[in-house]
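Colleague: This is the content of entry-v8.txt (compact mmCIF, C-alpha atoms):
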# COMPACT_ATOMS: atom_id res chain seq x y z
CA MET E 1 -3.52 -114.10 105.62
CA HIS E 2 -2.35 -110.58 106.54
CA ARG E 3 -1.81 -108.17 103.71
CA ILE E 4 1.70 -106.80 103.17
CA HIS E 5 2.06 -103.01 103.10
CA ARG E 6 4.94 -100.97 101.76
CA ASN E 7 4.17 -98.43 104.47
CA GLN E 8 4.25 -100.35 107.74
CA THR E 9 2.80 -97.48 109.79
CA ALA E 10 -0.90 -96.61 109.84
CA VAL E 11 -2.81 -93.90 111.68
CA LEU E 12 -5.86 -94.78 113.74
CA ILE E 13 -8.26 -91.85 114.16
CA PHE E 14 -10.36 -92.93 117.12
CA ALA E 15 -13.13 -90.35 117.18
CA ASN E 16 -16.89 -90.52 117.45
CA SER E 17 -19.31 -88.66 115.22
CA SER E 18 -20.17 -85.09 116.15
CA ARG E 19 -23.63 -86.04 117.40
CA GLU E 20 -22.19 -88.73 119.64
CA GLU E 21 -19.51 -86.33 120.95
CA LEU E 22 -22.20 -83.80 121.81
CA LYS E 23 -23.78 -86.33 124.20
CA HIS E 24 -20.63 -86.27 126.33
CA LYS E 25 -19.37 -82.71 125.77
CA LEU E 26 -22.34 -80.40 126.02
CA MET E 27 -21.51 -77.14 124.26
CA THR E 28 -23.54 -74.57 122.38
CA HIS E 29 -22.50 -74.83 118.71
CA GLY E 30 -20.71 -78.05 119.64
CA LEU E 31 -21.74 -79.80 116.43
CA GLU E 32 -19.97 -77.20 114.33
CA LEU E 33 -16.84 -77.50 116.47
CA PHE E 34 -16.70 -81.29 116.39
CA ASP E 35 -17.31 -81.32 112.64
CA ALA E 36 -14.44 -78.86 112.19
CA LEU E 37 -12.14 -80.85 114.49
CA THR E 38 -12.75 -84.12 112.64
CA ALA E 39 -12.31 -82.51 109.22
CA ALA E 40 -9.08 -80.80 110.29
CA THR E 41 -7.72 -84.00 111.82
CA ILE E 42 -8.38 -86.01 108.67
CA SER E 43 -6.84 -83.24 106.57
CA THR E 44 -3.69 -83.25 108.71
CA VAL E 45 -3.37 -87.02 108.47
CA LYS E 46 -3.83 -86.96 104.70
CA LYS E 47 -1.00 -84.45 104.39
CA SER E 48 1.29 -86.88 106.21
CA LYS E 49 0.77 -89.39 103.35
CA LEU E 50 0.30 -92.14 105.93
CA PRO E 51 -2.55 -94.63 105.50
CA TYR E 52 -5.30 -94.03 108.02
CA PHE E 53 -8.49 -95.57 109.39
CA HIS E 54 -11.27 -93.68 111.13
CA PHE E 55 -13.08 -95.61 113.86
CA SER E 56 -16.27 -93.87 115.00
CA GLU E 57 -18.96 -95.38 117.23
CA GLU E 58 -20.33 -97.18 114.18
CA ASN E 59 -17.38 -99.56 113.92
CA GLN E 60 -16.06 -99.64 117.48
CA ILE E 61 -16.44 -102.94 119.30
CA GLY E 62 -16.74 -103.29 123.07
CA THR E 63 -18.65 -102.10 126.12
CA THR E 64 -16.09 -99.87 127.81
CA PHE E 65 -13.84 -97.21 126.30
CA GLY E 66 -10.81 -99.38 127.03
CA GLU E 67 -12.32 -102.31 125.15
CA ARG E 68 -13.34 -100.21 122.16
CA PHE E 69 -9.98 -98.45 121.93
CA SER E 70 -7.92 -101.61 122.38
CA ASN E 71 -10.01 -103.51 119.84
CA ALA E 72 -9.54 -100.70 117.31
CA ILE E 73 -5.76 -100.82 117.74
CA GLN E 74 -5.80 -104.59 117.34
CA ALA E 75 -7.88 -104.23 114.18
CA ILE E 76 -5.15 -102.12 112.56
CA PHE E 77 -2.47 -104.64 113.48
CA ASP E 78 -4.70 -107.39 112.08
CA LYS E 79 -4.63 -105.61 108.73
CA GLY E 80 -0.89 -106.30 108.56
CA TYR E 81 0.63 -103.05 109.79
CA GLU E 82 3.68 -103.14 112.05
CA HIS E 83 3.11 -99.77 113.74
CA VAL E 84 0.01 -97.85 114.76
CA ILE E 85 -0.20 -94.14 115.57
CA THR E 86 -3.43 -93.48 117.43
CA ILE E 87 -4.98 -90.02 117.67
CA GLY E 88 -8.34 -88.50 118.49
CA ASN E 89 -9.98 -85.49 116.91
CA ASP E 90 -9.85 -83.12 119.88
CA ALA E 91 -6.28 -81.76 119.63
CA PRO E 92 -6.49 -78.79 117.24
CA GLN E 93 -2.76 -78.05 117.63
CA LEU E 94 -1.80 -81.40 116.06
CA LYS E 95 0.59 -80.96 113.13
CA VAL E 96 1.84 -83.15 110.32
CA SER E 97 5.27 -82.93 111.94
CA HIS E 98 3.95 -84.70 115.05
CA LEU E 99 2.81 -87.64 112.92
CA LEU E 100 6.03 -87.82 110.94
CA LYS E 101 8.11 -87.56 114.11
CA ALA E 102 6.09 -90.43 115.56
CA ARG E 103 6.63 -92.57 112.47
CA CYS E 104 10.38 -91.90 112.56
CA GLU E 105 10.67 -92.88 116.22
CA LEU E 106 8.57 -96.00 115.69
CA GLN E 107 10.99 -97.11 113.02
CA ARG E 108 13.71 -96.78 115.67
CA LYS E 109 11.68 -99.15 117.88
CA LYS E 110 10.62 -96.43 120.31
CA ILE E 111 7.23 -95.93 121.89
CA VAL E 112 5.83 -92.46 121.13
CA LEU E 113 3.54 -90.48 123.41
CA GLY E 114 2.00 -87.06 122.81
CA PRO E 115 0.76 -85.96 126.25
CA SER E 116 -2.09 -83.52 126.72
CA THR E 117 -2.33 -80.91 129.45
CA ASP E 118 -5.16 -82.70 131.26
CA GLY E 119 -3.07 -85.77 132.08
CA GLY E 120 -4.19 -87.77 129.06
CA PHE E 121 -2.59 -87.99 125.64
CA TYR E 122 -3.47 -86.98 122.10
CA LEU E 123 -1.12 -89.41 120.33
CA LEU E 124 0.22 -92.87 121.02
CA GLY E 125 2.59 -94.76 118.73
CA LEU E 126 3.25 -98.48 119.17
CA HIS E 127 4.82 -101.46 117.45
CA LYS E 128 2.62 -104.54 117.44
CA SER E 129 5.06 -106.34 119.75
CA GLN E 130 4.54 -103.58 122.35
CA PHE E 131 0.77 -103.98 122.42
CA ASN E 132 -1.15 -106.34 124.67
CA ARG E 133 -4.88 -105.91 124.20
CA SER E 134 -5.77 -107.45 127.56
CA HIS E 135 -3.41 -105.19 129.49
CA PHE E 136 -4.45 -102.07 127.58
CA THR E 137 -8.14 -102.74 128.18
CA LYS E 138 -7.63 -102.65 131.96
CA LEU E 139 -5.92 -99.24 132.09
CA ALA E 140 -7.60 -96.25 133.77
CA TRP E 141 -8.95 -94.78 130.55
CA GLN E 142 -10.62 -91.37 130.50
CA THR E 143 -8.99 -90.33 133.79
CA SER E 144 -6.07 -88.04 134.61
CA LYS E 145 -4.07 -91.15 135.56
CA ILE E 146 -4.03 -92.72 132.11
CA THR E 147 -0.71 -91.31 130.91
CA ARG E 148 1.04 -92.28 134.13
CA ASP E 149 -0.43 -95.79 134.02
CA LEU E 150 0.38 -96.19 130.35
CA ILE E 151 3.99 -95.15 130.91
CA SER E 152 4.21 -97.61 133.78
CA LEU E 153 2.89 -100.40 131.58
CA VAL E 154 5.13 -99.86 128.58
CA SER E 155 8.23 -99.12 130.70
CA LYS E 156 8.22 -102.76 131.75
CA GLN E 157 9.19 -103.63 128.19
CA ASN E 158 12.58 -101.90 128.52
CA THR E 159 11.71 -99.70 125.56
CA ASN E 160 12.44 -95.98 125.48
CA ILE E 161 9.49 -93.60 125.31
CA VAL E 162 9.79 -90.51 123.12
CA PHE E 163 7.59 -87.60 124.17
CA LEU E 164 6.17 -85.11 121.70
CA ASP E 165 4.95 -81.59 122.52
CA ARG E 166 2.40 -81.34 125.29
CA LEU E 167 -0.78 -80.00 123.67
CA PHE E 168 -4.27 -79.02 124.70
CA ASP E 169 -7.26 -81.14 123.89
CA ILE E 170 -10.84 -79.94 124.02
CA ASP E 171 -13.23 -81.36 126.58
CA SER E 172 -14.85 -78.20 127.91
CA VAL E 173 -15.23 -74.45 127.45
CA LYS E 174 -12.39 -74.06 129.95
CA ASP E 175 -10.11 -75.90 127.51
CA ILE E 176 -11.21 -73.59 124.70
CA LYS E 177 -10.26 -70.51 126.71
CA ALA E 178 -6.86 -72.04 127.49
CA ILE E 179 -6.17 -72.80 123.83
CA ILE E 180 -7.07 -69.28 122.78
CA ALA E 181 -4.62 -67.90 125.36
CA PHE E 182 -1.72 -69.53 123.51
CA ASN E 183 -0.09 -68.42 120.29
CA TRP E 184 -0.14 -71.71 118.37
CA PRO E 185 -1.28 -72.24 114.76
CA ILE E 186 -4.62 -74.00 114.28
CA PRO E 187 -6.90 -74.23 111.22
CA LYS E 188 -9.17 -71.28 110.56
CA THR E 189 -12.33 -73.41 110.63
CA ILE E 190 -11.58 -74.48 114.19
CA LEU E 191 -10.77 -70.93 115.27
CA VAL E 192 -14.13 -69.73 113.96
CA ALA E 193 -15.95 -72.54 115.81
CA LEU E 194 -14.10 -71.84 119.05
CA LEU E 195 -14.89 -68.14 118.94
CA GLN E 196 -18.52 -68.91 118.14
CA ILE E 197 -18.78 -71.01 121.28
CA LEU E 198 -17.22 -68.28 123.39
CA LYS E 199 -19.38 -65.69 121.61
CA GLN E 200 -16.43 -63.36 121.26
CA LYS E 201 -17.13 -60.45 118.99
CA ILE E 202 -13.85 -60.47 117.11
CA GLU E 203 -13.82 -59.48 113.47
CA ILE E 204 -12.25 -62.21 111.34
CA PRO E 205 -10.93 -61.18 107.91
CA CYS E 206 -11.83 -63.29 104.90
CA TYR E 207 -9.12 -65.69 103.71
CA ILE E 208 -9.08 -67.40 100.33
CA SER E 209 -7.01 -70.38 101.48
CA GLU E 210 -7.56 -72.72 104.40
CA LYS E 211 -3.99 -72.45 105.63
CA PRO E 212 -3.57 -72.52 109.42
CA ILE E 213 -3.55 -69.11 111.05
CA THR E 214 -2.41 -68.03 114.49
CA PHE E 215 -4.39 -66.37 117.23
CA SER E 216 -1.91 -63.49 117.35
CA CYS E 217 -3.54 -62.22 114.15
CA TYR E 218 -6.53 -61.28 116.30
CA LYS E 219 -4.60 -59.67 119.13
CA LEU E 220 -5.57 -62.37 121.60
CA GLN E 221 -3.48 -62.63 124.73
CA ASN E 222 -0.31 -64.65 124.19
CA ARG E 223 1.04 -66.55 127.19
CA GLY E 224 3.59 -68.60 125.31
CA SER E 225 3.56 -71.92 123.50
CA PRO E 226 2.96 -75.40 124.92
CA LEU E 227 6.13 -76.71 126.47
CA PRO E 228 7.79 -79.78 124.93
CA LEU E 229 8.67 -82.65 127.23
CA PRO E 230 12.23 -83.96 127.43
CA GLN E 231 13.22 -86.34 124.64
CA SER E 232 14.32 -89.86 125.50
Rewrite the structure from the file as structure tokens, please.
Modeller:
Amino acid sequence: MHRIHRNQTAVLIFANSSREELKHKLMTHGLELFDALTAATISTVKKSKLPYFHFSEENQIGTTFGERFSNAIQAIFDKGYEHVITIGNDAPQLKVSHLLKARCELQRKKIVLGPSTDGGFYLLGLHKSQFNRSHFTKLAWQTSKITRDLISLVSKQNTNIVFLDRLFDIDSVKDIKAIIAFNWPIPKTILVALLQILKQKIEIPCYISEKPITFSCYKLQNRGSPLPLPQS
């Protein structure tokens, strides 16, 4: 029998361990970066007060990414939750407000999508009635077509899609350089790890708190903020 939850929305953090990530994203000092990304993601989710579940490679089930991801989503629904907000650990610009916005729209029976600049997405919010594990498994995961294909799939349900800000995710050093070029708050621990990878000799003052800081503090080039997509 499914358990009943007062909070019907849960967050799924679908992110491998740092050592596993390093096998697919080869970066000097990558372990430190992935550790910082995971810690910051969990911290952000905790601040949202939403229940969450972290699925790393140790508890993912399936051969392909699509199978593992779809099975993880199904596992959250099987616990009795009505809505699932899925995120990874590679979007350092993710805020508590993105999660709370997603929860609000899910309660209005919307589908929520947080697109990333590479054609993928950093957040997906679904009601259990909008999820078909078989269909999701067959999507073009880990390609630039995934967001387009996902939109095509869910649009058949005559449900409005609400888009959040378009954010960067980190798959390469190129992505790191792009993130640094924007004036957008991210946690200090991630900033330090990013600069370490780029080997930029920028003096970083000591802060007592771990509050997010912006790149503009270090006189990095500012080319504007990520552009939000139109709201449905």
Colleague: Find the residues with any atom within 10 Å of (-6.0, -91.8, 109.7); use all atoms listed in the file and the coordinates as given in the file, and write the answer as a ChimeraX atom specification.
Modeller: /E:10-14,41-46,48-55,84-88
Colleague: Go ahead and compute the interatomic distance for CA of Val154 in chain E and CA of Glu57 in chain E, in Å to one decimal.
Modeller: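 Separation of CA of Val154 in chain E and CA of Glu57 in chain E: 27.0 Å.
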Colleague: For range 25-36 of chain E, list every protein, DNA or RNA residue within 9 Å, evaluated using only C-alpha atoms, and leave out those in the same chain fewer than 2 positions away; present the list as a VMD selection string.
Modeller: chain E and resid 17 to 19 21 to 23 38 to 41 89 to 90 171 to 173 187 189 to 190 192 to 194 196 to 198
Colleague: I'd like the neighbourhood of Gln157 in chain E as a PyMOL selection string, where a residue qualifies if any of its atoms comes within 12 Å (using all atoms listed in the file), though same-chain residues fewer than 6 positions away should be ignored.
Modeller: chain E and resi 109-111+126-127+129-132+150-151
Colleague: Gln93 in chain E: which residues within 9 Å, counting only C-alpha atoms, same-chain residues fewer than 5 positions away excluded, as a PyMOL selection string?
Modeller: chain E and resi 167-169+179+184-187
Colleague: With distances taken over all atoms listed in the file, which residue among E:Ile61, E:Ala102, E:Val96, E:Val162 lies nearest Thr9 in chain E?
Modeller: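 Closest residue, counting all atoms listed in the file: E:Ala102.
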Colleague: Please compute the CA of Gln8 in chain E-CA of Gly62 in chain E distance, one decimal, in Å.
Modeller: 26.2 Å
Colleague: Expressed in Å to a single decimal, how great is the separation between CA of Thr137 in chain E and CA of Phe163 in chain E?
Modeller: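 Distance between the two atoms: 22.2 Å.
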Colleague: With only C-alpha atoms as the basis for distance, which of E:Ile180, E:Ile170, E:Gly66, E:Lys79 is at the shortest distance from Lys128 in chain E?
Modeller: E:Lys79
Colleague: Find the residue from E:Thr147, E:Gln142, E:Asn160, E:Thr117 that sits nearest to Asp175 in chain E; use all atoms listed in the file when measuring.
Modeller: E:Thr117
Colleague: Looking at E:Glu82, E:Thr159, E:Gln60, E:Asp165, which one is nearest to Lys101 in chain E, with distances taken over only C-alpha atoms?
Modeller: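 Among E:Glu82, E:Thr159, E:Gln60, E:Asp165, it is E:Asp165 that comes nearest to Lys101 in chain E.
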Colleague: Let me make sure I understand: among E:Asn183, E:Ser97, E:Thr143, E:Ser70, which one has the smallest atom-to-atom distance to Gly120 in chain E if we use all atoms listed in the file?
Modeller: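 Answer, going by the shortest atom-to-atom distance: E:Thr143.
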Colleague: Up to 10 Å from (-4.4, -99.4, 134.9) in the file's coordinates: name the residues, counting all atoms listed in the file, as a VMD selection string.
Modeller: chain E and resid 135 to 141 145 to 150 152 to 153
Colleague: Will you model N, CA and C atoms for range 136-152 of chain E and pass it back as a PDB file, keeping the file's coordinate frame?
Modeller:
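Generated file (selection-v4.pdb):
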ATOM      1  N   PHE E 136      -3.999-103.415 127.938  1.00  0.00           N
ATOM      2  CA  PHE E 136      -4.450-102.070 127.580  1.00  0.00           C
ATOM      3  C   PHE E 136      -5.905-101.856 127.989  1.00  0.00           C
ATOM      4  N   THR E 137      -6.726-102.857 127.855  1.00  0.00           N
ATOM      5  CA  THR E 137      -8.140-102.740 128.180  1.00  0.00           C
ATOM      6  C   THR E 137      -8.355-102.371 129.641  1.00  0.00           C
ATOM      7  N   LYS E 138      -7.461-102.823 130.514  1.00  0.00           N
ATOM      8  CA  LYS E 138      -7.630-102.650 131.960  1.00  0.00           C
ATOM      9  C   LYS E 138      -7.077-101.336 132.494  1.00  0.00           C
ATOM     10  N   LEU E 139      -6.481-100.516 131.627  1.00  0.00           N
ATOM     11  CA  LEU E 139      -5.920 -99.240 132.090  1.00  0.00           C
ATOM     12  C   LEU E 139      -7.023 -98.259 132.498  1.00  0.00           C
ATOM     13  N   ALA E 140      -6.637 -97.240 133.261  1.00  0.00           N
ATOM     14  CA  ALA E 140      -7.600 -96.250 133.770  1.00  0.00           C
ATOM     15  C   ALA E 140      -7.944 -95.226 132.710  1.00  0.00           C
ATOM     16  N   TRP E 141      -8.623 -95.662 131.665  1.00  0.00           N
ATOM     17  CA  TRP E 141      -8.950 -94.780 130.550  1.00  0.00           C
ATOM     18  C   TRP E 141      -9.897 -93.671 130.981  1.00  0.00           C
ATOM     19  N   GLN E 142      -9.775 -92.534 130.288  1.00  0.00           N
ATOM     20  CA  GLN E 142     -10.620 -91.370 130.500  1.00  0.00           C
ATOM     21  C   GLN E 142     -10.488 -90.801 131.917  1.00  0.00           C
ATOM     22  N   THR E 143      -9.302 -90.951 132.513  1.00  0.00           N
ATOM     23  CA  THR E 143      -8.990 -90.330 133.790  1.00  0.00           C
ATOM     24  C   THR E 143      -7.654 -89.605 133.663  1.00  0.00           C
ATOM     25  N   SER E 144      -7.338 -88.771 134.639  1.00  0.00           N
ATOM     26  CA  SER E 144      -6.070 -88.040 134.610  1.00  0.00           C
ATOM     27  C   SER E 144      -4.880 -88.953 134.880  1.00  0.00           C
ATOM     28  N   LYS E 145      -5.144 -90.202 135.250  1.00  0.00           N
ATOM     29  CA  LYS E 145      -4.070 -91.150 135.560  1.00  0.00           C
ATOM     30  C   LYS E 145      -3.602 -91.951 134.347  1.00  0.00           C
ATOM     31  N   ILE E 146      -4.276 -91.810 133.224  1.00  0.00           N
ATOM     32  CA  ILE E 146      -4.030 -92.720 132.110  1.00  0.00           C
ATOM     33  C   ILE E 146      -2.610 -92.628 131.576  1.00  0.00           C
ATOM     34  N   THR E 147      -2.072 -91.428 131.439  1.00  0.00           N
ATOM     35  CA  THR E 147      -0.710 -91.310 130.910  1.00  0.00           C
ATOM     36  C   THR E 147       0.297 -91.947 131.853  1.00  0.00           C
ATOM     37  N   ARG E 148       0.145 -91.693 133.134  1.00  0.00           N
ATOM     38  CA  ARG E 148       1.040 -92.280 134.130  1.00  0.00           C
ATOM     39  C   ARG E 148       0.956 -93.809 134.090  1.00  0.00           C
ATOM     40  N   ASP E 149      -0.261 -94.341 134.047  1.00  0.00           N
ATOM     41  CA  ASP E 149      -0.430 -95.790 134.020  1.00  0.00           C
ATOM     42  C   ASP E 149       0.095 -96.401 132.734  1.00  0.00           C
ATOM     43  N   LEU E 150      -0.099 -95.694 131.637  1.00  0.00           N
ATOM     44  CA  LEU E 150       0.380 -96.190 130.350  1.00  0.00           C
ATOM     45  C   LEU E 150       1.908 -96.237 130.331  1.00  0.00           C
ATOM     46  N   ILE E 151       2.527 -95.174 130.843  1.00  0.00           N
ATOM     47  CA  ILE E 151       3.990 -95.150 130.910  1.00  0.00           C
ATOM     48  C   ILE E 151       4.501 -96.285 131.780  1.00  0.00           C
ATOM     49  N   SER E 152       3.823 -96.522 132.891  1.00  0.00           N
ATOM     50  CA  SER E 152       4.210 -97.610 133.780  1.00  0.00           C
ATOM     51  C   SER E 152       4.114 -98.958 133.088  1.00  0.00           C
TER      52      SER E 152
END
